[in-house]
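One structure is given below, encoded as structure tokens.
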Amino acid sequence: MGDGPPVNALIMRGAEPAAAMRQRTAELIDDLIRRGGRSPQLGTLLVGDNPSALAYRTSIVRTFARLGIAHRPRDLPASIDSADFLAALASMNADDEITGILVLMPLPAHLPAALVFENLSALKDVDGITPTNAGRLHMGLPSLRPSTPQGGIELLDHYGIPLEGTRAVVIGRSNVVGRPLASLLTQRHATVTICHRRTRDLAAICREAELICVAAGSPGLLTAEMVTAGATVVDFGVNAVADGIVGDVAFAAVAEVASAITPVPGGTGPVTALVLARNTVAAGFAAHEGTLDALWQTPPFDRVR
Ligand code: ADP
């Protein structure tokens with residue numbers, strides 16, 4: 001965030017919807033217990049000590065403590081082999097006290113993320129990365145949705161940013177942010193272009209957009225010249241630099257042309273952790289009934305039924 005030139009844009013802060021989201025999650029926990037479900041608990045698995053993974057776990061610890069949701073961290077050495085890693089994951093899958101599992105990314109290079117996609121229980125998959133949840137998301141069935149893109153949509157909704165009919169650009173096509181975000185925006189009737197490293201003339205494509213969402217992991221990627229006056233900009237970037245965390249957007253300059261923008265930190269990040277917490281409770285419903293269809297009773301699906 002700059003303290004230089006004046007900022008004209010609406011600054012969309014995650015703290016704004018946070019109170020209502022915490023309240024709704026507390027009600028959901030009560031509802032789960034009333035129905036005879038177990039108290040929700042998140043198991044996190046950290047392999048090694050990657051700084052982005054550590055930063056995310058720190059924010060999870062804070063958010064879950066505040067909500068009173070149990071969190072059981074498990075740390076594994078970076079040198080662990082895939083058989084031992086899979087055994088640790090299997091023991092969490094089998095543990096009835098754990099309703100949600102999050103494997104912190106990135107994993108060390110010798111452990112492909114696909115090991116997690118293919119071996120994590122879909123009912124406990126609180127970041128929506130298994131083929132079951134991803135497939136259900138893309139088909140519009142209730143699923144555990146990736147927290148980051150779902151949080152971004154809820155932040156836009158909180159600030160009343162219209163999505164229907166909007167020309168939206170998503171920069172990034174990862175399985176946890178870009179791709180599911182494009183799917184969610186399409187379900188909300190936006191017209192979505194997905195951009196990535198091989199996109200030709202990214203700037204020209206961005207300039208046609210009314211909504212630009214950046215999840216590329218590249219500090220300063222989106223510059224003011226790429227943004228048409230009045231566009232909305234959502235920054236999902238979490239880049240560890242010497243003096244903290246920065247996003248993917250050149251904030252100070254873009255805030256002068258955009259009509260609304262998320263800061264980093266303090267924008268999408270806090271909402272991500274809250275959606276993860278809510279997903280942990282929602283997974284408690286799924287565990288209790290033994291099916292992802294139980295998610296019809298939990299946000300965001302309970303609102304559309
Ligand atoms: P995340 O988990 O935040 O989505 P990943 O590192 O998994 O991040 O994925 C980064 C995505 O961003 C990839 O899809 C990649 O193609 C895209 N990307 C990275 N750098 C650029 C760039 N300079 N221009 C356009 N797309 C980019």
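So you can find residues: chains in the structure tokens are A, B, ... in the order shown, residues in each start at 1, and ligands are numbered from 1 in order.
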Checklist entry - Quick one: residues within 8 Å of ligand 1, with only C-alpha atoms and all ligand atoms, as a list in words? => result Ile171, Gly172, Arg173, Ser174, Asn175, Val176, Val177, Gly178, Cys195, His196, Arg197, Arg198, Thr199, Leu202, Ala215, Ala216, Gly217, Ser218, Leu221, Phe236, Gly237 and Val238 of chain A
Next on the checklist: For the structure I just gave you, how does DSSP split stretch 75-284 of chain A - specifically, which residues are helix (DSSP H, G or I)? Reply as a ChimeraX atom specification.
Outcome noted: /A:82-94,113-119,122-124,131-139,147-158,178-187,202-207,224-226,251-254,268-284
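Close contacts of A:Pro219, defined as residues with an atom at most 8 Å away when counting only C-alpha atoms, with chain neighbours fewer than 3 positions off set aside, comprise Gly237, Asn239, Val246, Gly247, Asp248, Val249 and Ala250 of chain A.
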At a cut-off of 12 Å, can you tabulate as CSV every residue of stretch 30-110 of chain A near stretch 8-21 of chain A together with its closest atom pair and the distance in Å to one decimal, using only C-alpha atoms and ordering rows by chain then number?
```
residue,atom,partner,partner_atom,distance
A:Thr63,CA,A:Ala18,CA,10.3
A:Arg66,CA,A:Ala19,CA,11.1
A:Leu67,CA,A:Met21,CA,10.4
```
Who sits within 9 Å of stretch 187-190 of chain A, only C-alpha atoms, same chain under 4 positions skipped, as a PDB file with N, CA and C atoms, in the first residue's frame:
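Once everything was written out, this is result-v9.pdb:
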```pdb
ATOM      1  N   HIS A 138     -17.554 -26.839 -10.791  1.00  0.00           N
ATOM      2  CA  HIS A 138     -17.693 -26.444 -12.185  1.00  0.00           C
ATOM      3  C   HIS A 138     -19.063 -26.834 -12.742  1.00  0.00           C
ATOM      4  N   GLY A 140     -21.805 -26.683 -10.870  1.00  0.00           N
ATOM      5  CA  GLY A 140     -22.834 -25.944 -10.139  1.00  0.00           C
ATOM      6  C   GLY A 140     -23.510 -26.762  -9.051  1.00  0.00           C
ATOM      7  N   LEU A 163     -21.911  -8.129 -10.716  1.00  0.00           N
ATOM      8  CA  LEU A 163     -21.157  -9.120 -11.474  1.00  0.00           C
ATOM      9  C   LEU A 163     -21.882  -9.511 -12.768  1.00  0.00           C
ATOM     10  N   GLU A 164     -23.191  -9.528 -12.716  1.00  0.00           N
ATOM     11  CA  GLU A 164     -23.969  -9.996 -13.867  1.00  0.00           C
ATOM     12  C   GLU A 164     -23.694  -9.142 -15.109  1.00  0.00           C
ATOM     13  N   GLY A 165     -23.346  -9.827 -16.194  1.00  0.00           N
ATOM     14  CA  GLY A 165     -23.111  -9.138 -17.459  1.00  0.00           C
ATOM     15  C   GLY A 165     -21.772  -8.408 -17.531  1.00  0.00           C
ATOM     16  N   THR A 166     -21.019  -8.441 -16.439  1.00  0.00           N
ATOM     17  CA  THR A 166     -19.751  -7.701 -16.371  1.00  0.00           C
ATOM     18  C   THR A 166     -18.669  -8.374 -17.205  1.00  0.00           C
ATOM     19  N   ARG A 167     -17.835  -7.569 -17.856  1.00  0.00           N
ATOM     20  CA  ARG A 167     -16.658  -8.123 -18.542  1.00  0.00           C
ATOM     21  C   ARG A 167     -15.535  -8.247 -17.522  1.00  0.00           C
ATOM     22  N   ALA A 168     -15.195  -9.496 -17.184  1.00  0.00           N
ATOM     23  CA  ALA A 168     -14.216  -9.746 -16.133  1.00  0.00           C
ATOM     24  C   ALA A 168     -12.978 -10.418 -16.711  1.00  0.00           C
ATOM     25  N   ALA A 182     -12.831 -18.109 -11.959  1.00  0.00           N
ATOM     26  CA  ALA A 182     -13.485 -17.936 -13.266  1.00  0.00           C
ATOM     27  C   ALA A 182     -14.826 -18.676 -13.286  1.00  0.00           C
ATOM     28  N   SER A 183     -14.854 -19.849 -12.671  1.00  0.00           N
ATOM     29  CA  SER A 183     -16.089 -20.622 -12.623  1.00  0.00           C
ATOM     30  C   SER A 183     -17.163 -19.907 -11.790  1.00  0.00           C
TER      31      SER A 183
END
```
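Nearest to A:Pro112 of all the residues A:Asp81, A:Asp96, A:Glu27, A:Asp125 is A:Asp81, counting only C-alpha atoms.
Note that atom CA of A:Ile205 and atom CA of A:Pro263 are 22.5 Å apart.
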Next on the checklist: What parts of stretch 34-280 of chain A does DSSP call strand (DSSP E)? I'd like the answer as a PyMOL selection string.
Outcome noted: chain A and resi 41-47+70-76+100-103+167-171+191-195+211-214+232-235+239-241+244-246+260-261
Item to check | Atomic distance atom CA of A:Leu274 - atom CA of A:Thr148, expressed in Å with one decimal | outcome: 9.7 Å
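Counting only C-alpha atoms and comparing A:Leu276, A:Leu141, A:Ala88, A:Val254, the residue that lies closest to A:Asp293 is A:Leu141.
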Item to check | Spatial neighbours of A:Ile129, max dist 10 Å, only C-alpha atoms, sep filter under 3 positions, as a PyMOL selection string | outcome: chain A and resi 102+113-114+116-118+120+122+125-126+132-135+144-146+175-176+180
Item to check | Spatial neighbours of stretch 45-48 of chain A, max dist 12 Å, only C-alpha atoms, sep filter under 5 positions, as a ChimeraX atom specification | outcome: /A:53-58,71-82,84-93,100-111,113,116,120
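Residues with any atom within 12 Å of stretch 30-36 of chain A, counting only C-alpha atoms and excluding same-chain neighbours fewer than 3 positions away, are Gln23, Arg24, Thr25, Ala26, Glu27, Ser39, Pro40, Gly68, Ile69, Thr99, Arg278, Thr280, Val281, Ala282, Ala283, Gly284, Phe285, Ala286, Ala287, His288, Glu289, Ala294, Leu295, Gln297 and Thr298 of chain A.
Distances to A:Ala255 were evaluated for A:Thr272, A:Val233, A:Met226, A:Ala242 using only C-alpha atoms, and the minimum falls at A:Val233.
From atom CA of A:Ser52 back to atom CA of A:Cys206, the distance works out to 27.2 Å.
The nearest approach to A:Gln150 among the residues A:Thr262, A:Ala253, A:Pro131, A:Pro300, with only C-alpha atoms taken into account, belongs to A:Pro300.
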Checklist entry - Which residue, A:Leu137, A:Ala70, A:Ile261, A:Ala203, has the smallest gap to A:Arg179 when you use only C-alpha atoms? => result A:Leu137
